[in-house]
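**Q** Supplied structure: protein_34.pdb, PDB, C-alpha atoms.
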```
ATOM      1  CA  MET S   1     -88.612 -96.237  95.319  1.00  0.00           C
ATOM      2  CA  SER S   2     -92.183 -97.101  96.131  1.00  0.00           C
ATOM      3  CA  THR S   3     -95.048 -94.902  97.277  1.00  0.00           C
ATOM      4  CA  ARG S   4     -93.893 -94.941 100.915  1.00  0.00           C
ATOM      5  CA  ASN S   5     -92.186 -91.944 102.475  1.00  0.00           C
ATOM      6  CA  PRO S   6     -88.490 -91.943 101.551  1.00  0.00           C
ATOM      7  CA  VAL S   7     -86.978 -91.569 105.025  1.00  0.00           C
ATOM      8  CA  GLY S   8     -87.596 -94.548 107.240  1.00  0.00           C
ATOM      9  CA  TRP S   9     -85.210 -94.052 110.186  1.00  0.00           C
ATOM     10  CA  PHE S  10     -82.773 -91.637 111.789  1.00  0.00           C
ATOM     11  CA  GLU S  11     -80.010 -91.939 114.373  1.00  0.00           C
ATOM     12  CA  LEU S  12     -78.726 -89.135 116.590  1.00  0.00           C
ATOM     13  CA  TYR S  13     -75.252 -90.042 117.838  1.00  0.00           C
ATOM     14  CA  VAL S  14     -74.455 -89.065 121.425  1.00  0.00           C
ATOM     15  CA  ARG S  15     -71.440 -89.208 123.760  1.00  0.00           C
ATOM     16  CA  ASP S  16     -73.296 -89.737 127.049  1.00  0.00           C
ATOM     17  CA  MET S  17     -76.282 -92.027 126.579  1.00  0.00           C
ATOM     18  CA  GLU S  18     -77.874 -91.513 129.992  1.00  0.00           C
ATOM     19  CA  ARG S  19     -77.621 -87.728 129.709  1.00  0.00           C
ATOM     20  CA  ALA S  20     -79.132 -87.796 126.182  1.00  0.00           C
ATOM     21  CA  LYS S  21     -81.889 -90.203 127.213  1.00  0.00           C
ATOM     22  CA  VAL S  22     -82.961 -88.009 130.131  1.00  0.00           C
ATOM     23  CA  PHE S  23     -82.834 -84.907 127.901  1.00  0.00           C
ATOM     24  CA  TYR S  24     -85.035 -86.292 125.094  1.00  0.00           C
ATOM     25  CA  GLU S  25     -87.499 -87.953 127.460  1.00  0.00           C
ATOM     26  CA  LYS S  26     -87.910 -84.680 129.361  1.00  0.00           C
ATOM     27  CA  VAL S  27     -88.090 -82.420 126.302  1.00  0.00           C
ATOM     28  CA  LEU S  28     -90.494 -84.623 124.328  1.00  0.00           C
ATOM     29  CA  GLY S  29     -92.470 -86.057 127.256  1.00  0.00           C
ATOM     30  CA  VAL S  30     -91.949 -89.646 126.064  1.00  0.00           C
ATOM     31  CA  SER S  31     -90.224 -92.794 127.267  1.00  0.00           C
ATOM     32  CA  LEU S  32     -87.454 -94.205 125.087  1.00  0.00           C
ATOM     33  CA  THR S  33     -87.131 -97.966 124.645  1.00  0.00           C
ATOM     34  CA  GLN S  34     -83.800 -99.763 124.599  1.00  0.00           C
ATOM     35  CA  LEU S  35     -83.251-101.727 121.398  1.00  0.00           C
ATOM     36  CA  LYS S  36     -81.457-105.040 121.503  1.00  0.00           C
ATOM     37  CA  GLN S  37     -77.958-105.067 120.047  1.00  0.00           C
ATOM     38  CA  SER S  38     -77.893-105.818 116.330  1.00  0.00           C
ATOM     39  CA  GLY S  39     -75.158-105.735 113.751  1.00  0.00           C
ATOM     40  CA  GLY S  40     -72.378-105.463 116.335  1.00  0.00           C
ATOM     41  CA  SER S  41     -71.439-101.832 115.647  1.00  0.00           C
ATOM     42  CA  LEU S  42     -73.643 -99.970 118.119  1.00  0.00           C
ATOM     43  CA  GLU S  43     -72.862 -99.987 121.824  1.00  0.00           C
ATOM     44  CA  ASN S  44     -76.225 -98.714 122.984  1.00  0.00           C
ATOM     45  CA  MET S  45     -79.407 -97.549 121.266  1.00  0.00           C
ATOM     46  CA  TRP S  46     -82.671 -96.141 122.645  1.00  0.00           C
ATOM     47  CA  ALA S  47     -85.642 -95.688 120.283  1.00  0.00           C
ATOM     48  CA  PHE S  48     -88.206 -92.929 120.239  1.00  0.00           C
ATOM     49  CA  PRO S  49     -91.818 -94.181 120.318  1.00  0.00           C
ATOM     50  CA  MET S  50     -92.799 -95.556 116.938  1.00  0.00           C
ATOM     51  CA  ASN S  51     -96.024 -96.450 115.184  1.00  0.00           C
ATOM     52  CA  ARG S  52     -95.579 -98.415 111.955  1.00  0.00           C
ATOM     53  CA  ASP S  53     -98.912 -97.108 110.669  1.00  0.00           C
ATOM     54  CA  GLY S  54     -98.216 -93.487 111.654  1.00  0.00           C
ATOM     55  CA  SER S  55     -96.782 -90.798 109.437  1.00  0.00           C
ATOM     56  CA  GLY S  56     -93.193 -89.603 109.555  1.00  0.00           C
ATOM     57  CA  ALA S  57     -90.042 -91.457 110.463  1.00  0.00           C
ATOM     58  CA  SER S  58     -88.958 -92.844 113.795  1.00  0.00           C
ATOM     59  CA  GLY S  59     -85.440 -93.163 115.075  1.00  0.00           C
ATOM     60  CA  ALA S  60     -83.157 -93.480 118.050  1.00  0.00           C
ATOM     61  CA  ILE S  61     -80.352 -91.961 120.011  1.00  0.00           C
ATOM     62  CA  ALA S  62     -77.268 -94.120 119.592  1.00  0.00           C
ATOM     63  CA  LYS S  63     -73.769 -94.481 121.014  1.00  0.00           C
ATOM     64  CA  MET S  64     -71.193 -95.829 118.591  1.00  0.00           C
ATOM     65  CA  ASP S  65     -67.406 -95.513 118.765  1.00  0.00           C
ATOM     66  CA  GLY S  66     -66.110 -93.156 116.091  1.00  0.00           C
ATOM     67  CA  ALA S  67     -69.510 -91.775 115.121  1.00  0.00           C
ATOM     68  CA  PRO S  68     -69.634 -87.992 114.823  1.00  0.00           C
ATOM     69  CA  VAL S  69     -71.631 -86.142 117.467  1.00  0.00           C
ATOM     70  CA  GLY S  70     -72.938 -82.600 117.318  1.00  0.00           C
ATOM     71  CA  ALA S  71     -73.109 -81.007 113.871  1.00  0.00           C
ATOM     72  CA  GLY S  72     -73.032 -83.841 111.348  1.00  0.00           C
ATOM     73  CA  GLY S  73     -73.964 -86.425 113.994  1.00  0.00           C
ATOM     74  CA  THR S  74     -77.198 -87.575 112.398  1.00  0.00           C
ATOM     75  CA  ILE S  75     -77.751 -90.243 109.772  1.00  0.00           C
ATOM     76  CA  ILE S  76     -80.999 -90.641 107.881  1.00  0.00           C
ATOM     77  CA  TYR S  77     -81.904 -93.959 106.300  1.00  0.00           C
ATOM     78  CA  PHE S  78     -83.761 -94.140 102.999  1.00  0.00           C
ATOM     79  CA  VAL S  79     -86.102 -97.106 102.679  1.00  0.00           C
ATOM     80  CA  CYS S  80     -85.471 -99.248  99.584  1.00  0.00           C
ATOM     81  CA  ASP S  81     -85.992-102.753  98.252  1.00  0.00           C
ATOM     82  CA  ASP S  82     -82.301-103.779  98.426  1.00  0.00           C
ATOM     83  CA  CYS S  83     -79.780-101.582 100.220  1.00  0.00           C
ATOM     84  CA  ALA S  84     -76.858-103.184  98.352  1.00  0.00           C
ATOM     85  CA  GLN S  85     -78.310-102.092  95.018  1.00  0.00           C
ATOM     86  CA  ALA S  86     -79.005 -98.570  96.312  1.00  0.00           C
ATOM     87  CA  ALA S  87     -75.392 -98.312  97.542  1.00  0.00           C
ATOM     88  CA  LYS S  88     -74.152 -99.535  94.159  1.00  0.00           C
ATOM     89  CA  ARG S  89     -76.222 -96.848  92.389  1.00  0.00           C
ATOM     90  CA  ALA S  90     -74.822 -94.210  94.778  1.00  0.00           C
ATOM     91  CA  LYS S  91     -71.280 -95.264  93.841  1.00  0.00           C
ATOM     92  CA  GLU S  92     -72.124 -95.192  90.136  1.00  0.00           C
ATOM     93  CA  ALA S  93     -73.472 -91.648  90.602  1.00  0.00           C
ATOM     94  CA  GLY S  94     -70.150 -90.469  92.073  1.00  0.00           C
ATOM     95  CA  GLY S  95     -70.639 -91.213  95.761  1.00  0.00           C
ATOM     96  CA  HIS S  96     -68.619 -93.601  97.917  1.00  0.00           C
ATOM     97  CA  ILE S  97     -69.609 -96.719  99.793  1.00  0.00           C
ATOM     98  CA  VAL S  98     -68.748 -96.222 103.473  1.00  0.00           C
ATOM     99  CA  LYS S  99     -70.008 -99.634 104.595  1.00  0.00           C
ATOM    100  CA  ASP S 100     -71.386-102.351 102.342  1.00  0.00           C
ATOM    101  CA  LYS S 101     -74.685-104.064 103.105  1.00  0.00           C
ATOM    102  CA  PHE S 102     -74.711-105.750 106.491  1.00  0.00           C
ATOM    103  CA  SER S 103     -77.311-107.370 108.697  1.00  0.00           C
ATOM    104  CA  ILE S 104     -78.889-105.620 111.643  1.00  0.00           C
ATOM    105  CA  GLY S 105     -80.596-108.808 112.767  1.00  0.00           C
ATOM    106  CA  ASP S 106     -84.383-108.812 113.000  1.00  0.00           C
ATOM    107  CA  TYR S 107     -84.435-105.265 111.637  1.00  0.00           C
ATOM    108  CA  GLY S 108     -83.145-106.172 108.151  1.00  0.00           C
ATOM    109  CA  ASN S 109     -80.025-104.780 106.479  1.00  0.00           C
ATOM    110  CA  ILE S 110     -78.329-101.429 105.982  1.00  0.00           C
ATOM    111  CA  ALA S 111     -75.582 -99.920 103.845  1.00  0.00           C
ATOM    112  CA  LEU S 112     -73.900 -96.543 104.323  1.00  0.00           C
ATOM    113  CA  VAL S 113     -72.703 -94.219 101.559  1.00  0.00           C
ATOM    114  CA  SER S 114     -71.351 -90.702 101.291  1.00  0.00           C
ATOM    115  CA  ASP S 115     -72.849 -88.346  98.757  1.00  0.00           C
ATOM    116  CA  LEU S 116     -71.038 -85.857  96.543  1.00  0.00           C
ATOM    117  CA  ASP S 117     -70.705 -83.400  99.452  1.00  0.00           C
ATOM    118  CA  GLY S 118     -69.469 -85.996 101.935  1.00  0.00           C
ATOM    119  CA  ASN S 119     -72.799 -86.408 103.748  1.00  0.00           C
ATOM    120  CA  VAL S 120     -73.193 -89.944 105.070  1.00  0.00           C
ATOM    121  CA  VAL S 121     -76.634 -91.439 104.458  1.00  0.00           C
ATOM    122  CA  GLY S 122     -77.938 -94.931 104.939  1.00  0.00           C
ATOM    123  CA  PHE S 123     -80.140 -97.282 102.964  1.00  0.00           C
ATOM    124  CA  HIS S 124     -82.386 -99.775 104.765  1.00  0.00           C
ATOM    125  CA  SER S 125     -84.045-102.855 103.354  1.00  0.00           C
ATOM    126  CA  MET S 126     -85.571-105.987 104.804  1.00  0.00           C
ATOM    127  CA  ALA S 127     -84.004-108.087 102.021  1.00  0.00           C
TER     128      ALA S 127
END
```
Have the structure of the file written as structure tokens, please.

**A**
Amino acid sequence: MSTRNPVGWFELYVRDMERAKVFYEKVLGVSLTQLKQSGGSLENMWAFPMNRDGSGASGAIAKMDGAPVGAGGTIIYFVCDDCAQAAKRAKEAGGHIVKDKFSIGDYGNIALVSDLDGNVVGFHSMA
């Protein structure tokens, strides 16, 4: 990993997108922005405000068939140079590849793995 912060993105999976959108906009006093569909697996995604030069990670609320909601319904994405290589290292360390590297369009690529305790985490890379 480089000198950047390790977590680059998060997704909170929800059942009712409109209800979740209204909730987070009201609680945080912000407007969420709809992201264009990418990668084909997400039905609907609304991003929290983001500043590439700011500190911390940004993310979105997302609706995806089969994704867990509630406890366990959050995925963090670790930023890396090549998500396929990070997933391979996770497998070599005893984890499991949930979904091999795939494109998310203009936003780069991601891969999903489960760790030794079954937590699903993602790796994001532009390459």

**Q** Could you give me, as an mmCIF file with C-alpha atoms, keeping the file's coordinate frame, the residues within 8 Å of region 80-86 of chain S, counting all atoms listed in the file and dropping anything in the same chain fewer than 3 positions from it?

**A**
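The resulting file, selection18.cif, is reproduced below:
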```
data_model
loop_
_atom_site.group_PDB
_atom_site.id
_atom_site.type_symbol
_atom_site.label_atom_id
_atom_site.label_comp_id
_atom_site.auth_asym_id
_atom_site.auth_seq_id
_atom_site.Cartn_x
_atom_site.Cartn_y
_atom_site.Cartn_z
ATOM 1 C CA MET S 1 -88.612 -96.237 95.319
ATOM 2 C CA SER S 2 -92.183 -97.101 96.131
ATOM 3 C CA ARG S 89 -76.222 -96.848 92.389
ATOM 4 C CA ALA S 90 -74.822 -94.210 94.778
ATOM 5 C CA ASP S 100 -71.386 -102.351 102.342
ATOM 6 C CA LYS S 101 -74.685 -104.064 103.105
ATOM 7 C CA ASN S 109 -80.025 -104.780 106.479
ATOM 8 C CA ILE S 110 -78.329 -101.429 105.982
ATOM 9 C CA ALA S 111 -75.582 -99.920 103.845
ATOM 10 C CA PHE S 123 -80.140 -97.282 102.964
ATOM 11 C CA HIS S 124 -82.386 -99.775 104.765
ATOM 12 C CA SER S 125 -84.045 -102.855 103.354
ATOM 13 C CA MET S 126 -85.571 -105.987 104.804
ATOM 14 C CA ALA S 127 -84.004 -108.087 102.021
#
```

**Q** For a test of reading the model, state the distance in Å between CA of Leu35 (chain S) and CA of Ala60 (chain S), rounded to one decimal.

**A**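 Separation between CA of Leu35 (chain S) and CA of Ala60 (chain S): 8.9 Å.
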
**Q** Interatomic distance between CA of Trp46 (chain S) and CA of Gly108 (chain S)?

**A** 17.6 Å

**Q** Can you work out which one of S:Ala67, S:Ile61, S:Val121, S:Val27 has the shortest atom-to-atom distance to Val7 (chain S), counting all atoms listed in the file?

**A**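 Distance minimum relative to Val7 (chain S) lands on S:Val121.
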
**Q** As a check of understanding, name the residues that the PyMOL selection byres ((chain S and resi 63) around 7) selects in the supplied structure, as a ChimeraX atom specification.

**A** /S:13-15,17,42-45,62,64-65

**Q** Would you write out those residues with C-alpha atoms, as an mmCIF file, in the coordinates of the input?

**A**
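Produced file part-v9.cif, reproduced below:
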```
data_model
loop_
_atom_site.group_PDB
_atom_site.id
_atom_site.type_symbol
_atom_site.label_atom_id
_atom_site.label_comp_id
_atom_site.auth_asym_id
_atom_site.auth_seq_id
_atom_site.Cartn_x
_atom_site.Cartn_y
_atom_site.Cartn_z
ATOM 1 C CA TYR S 13 -75.252 -90.042 117.838
ATOM 2 C CA VAL S 14 -74.455 -89.065 121.425
ATOM 3 C CA ARG S 15 -71.440 -89.208 123.760
ATOM 4 C CA MET S 17 -76.282 -92.027 126.579
ATOM 5 C CA LEU S 42 -73.643 -99.970 118.119
ATOM 6 C CA GLU S 43 -72.862 -99.987 121.824
ATOM 7 C CA ASN S 44 -76.225 -98.714 122.984
ATOM 8 C CA MET S 45 -79.407 -97.549 121.266
ATOM 9 C CA ALA S 62 -77.268 -94.120 119.592
ATOM 10 C CA MET S 64 -71.193 -95.829 118.591
ATOM 11 C CA ASP S 65 -67.406 -95.513 118.765
#
```

**Q** Given the PyMOL selection byres ((chain S and resi 77) around 6) and the file above, list the residues it selects as number ranges by chain.

**A** S: 7-9, 76, 78, 122-123

**Q** Of the candidates S:Pro49, S:Gly59, S:Gly72, S:Pro6, which one gets nearest to Gly29 (chain S) if we count all atoms listed in the file?

**A**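 That would be S:Pro49, the residue with the smallest distance to Gly29 (chain S).
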
**Q** Here's the selection I'm unsure about, the PyMOL selection byres ((chain S and resi 33) around 6); applied to the file above, which residues does it give, as a count of residues only?

**A** 4

**Q** Emit as AutoDock Vina command-line options the padded axis-aligned box for all listed atoms of region 79-82 of chain S, 6 Å per side, with centre and edge lengths in Å to one decimal.

**A**
```
--center_x -84.2 --center_y -100.4 --center_z 100.5 --size_x 15.8 --size_y 18.7 --size_z 16.4
```

**Q** Anything within 9 Å of (-66.2, -91.2, 96.9): list those residues as a list in words, counting only C-alpha atoms and sticking to the file's coordinates.

**A**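 Residues with an atom close enough to that point: Lys91, Gly94, Gly95, His96, Ile97, Val98, Val113, Ser114, Asp115, Leu116 and Gly118 of chain S.
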
**Q** Between CA of Phe48 (chain S) and CA of Val30 (chain S), what distance in Å does the model show, to one decimal?

**A**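 Between these atoms lies a distance of 7.7 Å.
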
**Q** With distances taken over all atoms listed in the file, which of S:Ser103, S:Gln37, S:Ser31, S:Asn5 is nearest to Ala57 (chain S)?

**A** S:Asn5
